[in-house]
Each structure stands twice: as C-alpha cells, then as structure tokens.
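Quick notes on the structure that follows.
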Amino acid sequence: MLLERSSPSDQTEQFYASCHPQIAVLLPCYNEAGGIAKVIEDFRQALPTASIYVCDNNSSDETVQIATDAGAIVRREPRQGKGHVVRRMFADIDADIYVMCDADDTYDASAASALVEALVIQGLDMVVGSRQQEKAGTYRPGHEFGNWMLSVLVRKIFGDQFRDMLSGYRVFSRRFVKSFPVMSGGFEIETELTIHALELEMPACEMPIRFSDRAPGSESKLRTFRDGFRILGTIINLLKQERPLQLFSFFALLLSLVSIVLAVPIVMTYLETGLVPRFPTAILSSALMLLGFLFFFSGLILQTVTRGRQEAKRMWYLAVPGVHATLDRSEGAR
C-alpha cells in the first residue's frame with residue numbers, strides 16, 4: 001500500500017503542540033533546475049512548518065537561482081559528491097527531525113507527513129521510503145538490478161531489515177544525524193546510512209512510497225557501473241571495519257584449505273618413502289598455513305578494536321535524546 005498524504009494522529013499532534021519540533025527538509029542538489037521548484041513547493045505543502053534547505057553541489061544551470069526564488073534556504077558545498085553534501089548538511093543544520101530527499105522530483109513529497117508521523121509515533125531513528133514504481137520502466141534496468149543485488153548483500157551480512165537500501169528518501173531523528181560519522185563522498189552515502197542503523201541496532205523501518213520518472217530535461221547523476229563498484233567497495237570496506245573476524249576468518253580458512261591440499265601428497269609420500277621430494281611445495285604449504293593463522297589472529301585483534309569503537313558510537317548515540325524522550329520531557333515540564 002503506497003503512502004498518501006494523511007492528517008496527523010493525536011500522538012503526532014501532541015508531539016507538535018508540546019515540543020514544537022524543528023523539521024528540516026534537506027535537498028542535496030546538482031543541476032536540478034527542471035524540478036527543484038516543484039520539489040520545494042511539494043514539501044512546503046506536505047510539511048508547512050518545516051525549513052527547506054537546498055545544498056547545491058556546483059550546479060552549472062539555474063538551480064541556485066530557482067531554489068532561492070522558491071523560498072528555500074540555499075547552501076553550497078564545493079566538494080563534488082553527494083556524500084560531501086550530506087556531511088555538510090548534517091553538520092551545519094540543527095533540527096529535531098530531518099527529512100532528506102533527492103531533488104529530482106522522482107519521490108512523492110506528499111508522503112513526508114506520513115513518514116514523519118511513523119518516526120514520531122514509533123520513536124524511530126530512521127524511516128526509509130521504499131520506492132514503488134508508478135509504471136514499468138521507471139527504474140533503469142541496470143540500477144534496479146544493482147540495487148537488488150547490493151540490498152541482498154547488505155541483508156545477508158548486516159541484517160535483514162531493508163529492501164531498498166539505496167533509496168534517497170529518508171527521515172531521521174536528531175540523534176541519528178548527530179551520531180552519524182559520514183565517511184563516504186559519493187552515492188555510497190545511502191549504503192553507509194543503512195549500515196550505521198543496522199550496526200547500532202537503531203529502531204528503524206521501511207515504508208512504501210511512489211517513485212516516478214524524472215522531471216523533463218533532467219538526467220540521473222548515478223552511473224550504473226562506476227557508482228555500483230564504488231558502493232560495492234564501500235560494503236567491503238565496512239565489512240572489514242564492522243565484521244573483521246568474519247572477513248579475516250574467511251581468508252584464513254581459504255589459505256588453510258589450499259595449504260592442506262598441497263600438503264596431503266607430500267605427507268603421503270613421506271609416510272611411504274621417508275623422503276620429501278617436493279621441498280619447495282612443502283615450504284609453500286607451510287607458509288600458507290602460517291599466513292592463515294596470521295589472518296585469523298588479525299581478525300581476532302581487529303574484532304576487539306571494532307567492539308570498542310562500536311561501544312563508543314553507541315554511547316555517543318545514546319547521549320542525544322530520542323523522539324519519545326523529548327516528548328516525555330516536554331510533558332513533564334508542563
């Protein structure tokens with residue numbers, strides 16, 4: 001069932017009335033002159049009290065002027081890449097609830113109120129808008145397959161919670177944004193956001209939203225193979241950082257198996273004749289086994305380091321009040 005614009009529930013109205021939350025709509029933007037005005041207007045209708053920020057990333061068209069004329073607060077990020085833009089916006093903008101969306105007019109802005117309401121009522125830290133095509137062919141085949149493949153890979157490694165890992169439409173709590181150490185510079189930012197939520201076991205959910213064709217004259221900035229490999233590289237890098245024991249144990253097992261395969265004929269010959277005729281192979285087999293042990297113990301050591309880093313991230317995350325804590329504190333003060 002796709003999300004439609006709906007009136008806020010009593011609990012959401014109570015949250016707005018008691019806390020007067022600041023809602024910031026974040027629109028990373030690069031050459032989106034064809035659709036930026038409509039996106040700003042749609043979000044203004046969906047969230048009348050929100051502040052709308054457009055962060056321009058070196059656009060060469062009229063995006064900045066159009067966004068300014070439409071009443072958005074325009075910021076600039078000179079380092080090229082969506083990850084740099086998101087890092088800048090998360091660092092510079094202060095709010096209680098953040099709505100982040102691509103500015104290409106493909107996502108349903110009217111669903112924002114329902115996504116925010118889910119965050120408030122359930123006390124979540126992230127709500128992901130899972131894209132549902134309005135008509136066949138909206139997704140480019142390469143993008144659709146790549147999203148499916150990478151989402152399956154993340155679910156297998158980090159947790160089975162999200163089906164549309166690369167969605168650019170998300171709602172965040174303040175404690176998610178202020179505890180998220182943005183490291184990536186490009187389109188792999190969505191992967192990093194997803195894995196951050198999974199690693200800290202944050203309360204999060206995924207809700208279906210309409211996804212339509214881009215505005216006329218606008219083209220996707222995502223390059224299927226280049227950005228796909230970058231995203232895959234990000235997953236592998238995060239696997240090394242967050243699951244070092246599993247990764248290094250895999251290589252340790254692989255090296256050990258190769259060592260055993262090489263050693264078996266040598267050992268059999270030695271037992272039969274008392275000789276070691278293939279001495280270089282014996283040395284190689286021993287070296288591979290030693291290397292396997294090194295990989296395994298490296299994984300153990302790195303796992304301890306990762307555990308300490310995860311605990312530090314968790315403590316920083318818990319230092320920022322969540323949505324329900326803010327609501328309870330506001331009720332107690334009344």
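The way I read the labels, and the way they are meant: chains A, B, ... in the order of the structure tokens, residue 1 as the first residue of every chain, and ligand 1 as the first ligand shown, with later ones counted on from there.
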
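Within 9 Å of stretch 260-268 of chain A, once only C-alpha atoms are used and residues closer than 3 positions along the same chain are dropped, the contacting residues are Leu255, Ser256, Leu257, Leu271, Glu272, Thr273, Leu275, Val276, Pro277, Arg278, Phe279, Thr281, Ala282, Leu284, Ser285, Ser286 and Met289 of chain A.
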
* To do: Please give the complete set of residues from stretch 142-328 of chain A that DSSP, run on the backbone, assigns to alpha helix (DSSP H), formatted as a PyMOL selection string.
  => chain A and resi 142-158+174-177+189-199+224-242+244-273+279-318+323-328

Fewer than 5 positions away in the same chain doesn't count, so skip those; otherwise give me all residues within 9 Å of A:Gln45, counting only C-alpha atoms, as a PDB file with N, CA and C atoms, in the first residue's frame.
```pdb
ATOM      1  N   ILE A  40      10.394  21.816  -3.975  1.00  0.00           N
ATOM      2  CA  ILE A  40      10.301  22.726  -2.832  1.00  0.00           C
ATOM      3  C   ILE A  40       8.846  23.019  -2.491  1.00  0.00           C
ATOM      4  N   ALA A 109       6.684  13.718  -2.490  1.00  0.00           N
ATOM      5  CA  ALA A 109       6.864  14.615  -1.344  1.00  0.00           C
ATOM      6  C   ALA A 109       5.668  14.586  -0.401  1.00  0.00           C
ATOM      7  N   SER A 110       4.466  14.304  -0.922  1.00  0.00           N
ATOM      8  CA  SER A 110       3.272  14.303  -0.077  1.00  0.00           C
ATOM      9  C   SER A 110       3.302  13.190   0.975  1.00  0.00           C
TER      10      SER A 110
END
```

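Counting only C-alpha atoms and comparing A:Asp108, A:Asp96, A:Glu311, A:Asp42, the residue that lies closest to A:Glu199 is A:Glu311.
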
* Asked: Leaving out A:Ile301 and any residue of its chain fewer than 3 positions from it, which residues lie within 12 Å of it when counting only C-alpha atoms, given as a PyMOL selection string?
  -> chain A and resi 241+243-245+248-249+294-298+304-308

* Asked: Do you have the atom CA of A:Arg131-atom CA of A:Ile209 distance handy?
  ->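 Going from atom CA of A:Arg131 over to atom CA of A:Ile209, I get 5.4 Å.
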
8 Å contact set for A:Thr191, only C-alpha atoms, chain neighbours under 3 positions out, as a PDB file with C-alpha atoms, in the first residue's frame:
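Result written to out01.pdb:
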```pdb
ATOM      1  CA  MET A 165      18.983   0.173   0.555  1.00  0.00           C
ATOM      2  CA  LEU A 166      19.749   2.900  -1.994  1.00  0.00           C
ATOM      3  CA  GLU A 188      27.562   5.281  -1.494  1.00  0.00           C
ATOM      4  CA  THR A 194      21.765   1.936   6.198  1.00  0.00           C
ATOM      5  CA  ILE A 195      24.674   0.065   7.748  1.00  0.00           C
ATOM      6  CA  ILE A 231      29.066   1.134  -3.465  1.00  0.00           C
ATOM      7  CA  THR A 234      32.037   0.667   0.474  1.00  0.00           C
ATOM      8  CA  ILE A 235      30.261  -2.524   1.576  1.00  0.00           C
TER       9      ILE A 235
END
```

* Length of the atom CA of A:Cys29 to atom CA of A:Ala204 vector [Å] -> 25.6 Å

* **strand (DSSP E) call set, DSSP backbone run, stretch 96-193 of chain A, as a list in words** =>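 DSSP-assigned strand (DSSP E) residues in stretch 96-193 of chain A: Ile97, Tyr98, Val99, Met100, Met126, Val127, Val128, Gly129, Ser130, Arg131, Gln132, Gln133, Arg170, Val171, Phe172 and Ser173 of chain A.
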
Take the residues from that selection and put them in a file with N, CA and C atoms, as an mmCIF file, in the first residue's frame.
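Result file is selection_34.cif:
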```
data_model
loop_
_atom_site.group_PDB
_atom_site.id
_atom_site.type_symbol
_atom_site.label_atom_id
_atom_site.label_comp_id
_atom_site.auth_asym_id
_atom_site.auth_seq_id
_atom_site.Cartn_x
_atom_site.Cartn_y
_atom_site.Cartn_z
ATOM 1 N N ILE A 97 13.903 16.854 13.649
ATOM 2 C CA ILE A 97 13.589 15.821 12.667
ATOM 3 C C ILE A 97 14.121 16.280 11.315
ATOM 4 N N TYR A 98 14.763 15.364 10.607
ATOM 5 C CA TYR A 98 15.353 15.681 9.308
ATOM 6 C C TYR A 98 14.683 14.829 8.234
ATOM 7 N N VAL A 99 14.247 15.472 7.172
ATOM 8 C CA VAL A 99 13.708 14.772 6.006
ATOM 9 C C VAL A 99 14.687 14.998 4.859
ATOM 10 N N MET A 100 15.314 13.936 4.393
ATOM 11 C CA MET A 100 16.271 14.053 3.292
ATOM 12 C C MET A 100 15.693 13.409 2.044
ATOM 13 N N MET A 126 15.189 6.198 12.056
ATOM 14 C CA MET A 126 15.239 6.344 10.593
ATOM 15 C C MET A 126 14.040 5.656 9.964
ATOM 16 N N VAL A 127 13.425 6.348 9.020
ATOM 17 C CA VAL A 127 12.361 5.765 8.198
ATOM 18 C C VAL A 127 12.805 5.899 6.751
ATOM 19 N N VAL A 128 12.834 4.776 6.038
ATOM 20 C CA VAL A 128 13.278 4.752 4.648
ATOM 21 C C VAL A 128 12.068 4.653 3.734
ATOM 22 N N GLY A 129 12.000 5.523 2.751
ATOM 23 C CA GLY A 129 10.942 5.441 1.745
ATOM 24 C C GLY A 129 11.315 4.425 0.683
ATOM 25 N N SER A 130 10.667 3.271 0.713
ATOM 26 C CA SER A 130 10.956 2.201 -0.239
ATOM 27 C C SER A 130 10.232 2.463 -1.549
ATOM 28 N N ARG A 131 10.979 2.597 -2.626
ATOM 29 C CA ARG A 131 10.426 3.033 -3.908
ATOM 30 C C ARG A 131 9.550 1.966 -4.563
ATOM 31 N N GLN A 132 8.359 2.391 -4.978
ATOM 32 C CA GLN A 132 7.436 1.550 -5.734
ATOM 33 C C GLN A 132 7.144 2.267 -7.048
ATOM 34 N N GLN A 133 7.459 1.628 -8.155
ATOM 35 C CA GLN A 133 7.312 2.270 -9.459
ATOM 36 C C GLN A 133 5.844 2.548 -9.779
ATOM 37 N N ARG A 170 14.541 9.654 3.002
ATOM 38 C CA ARG A 170 14.644 9.147 4.366
ATOM 39 C C ARG A 170 14.284 10.236 5.370
ATOM 40 N N VAL A 171 13.785 9.786 6.529
ATOM 41 C CA VAL A 171 13.525 10.685 7.646
ATOM 42 C C VAL A 171 14.378 10.213 8.817
ATOM 43 N N PHE A 172 15.035 11.165 9.490
ATOM 44 C CA PHE A 172 15.948 10.835 10.585
ATOM 45 C C PHE A 172 15.565 11.586 11.854
ATOM 46 N N SER A 173 15.887 10.968 12.971
ATOM 47 C CA SER A 173 15.824 11.682 14.248
ATOM 48 C C SER A 173 17.097 12.503 14.422
#
```
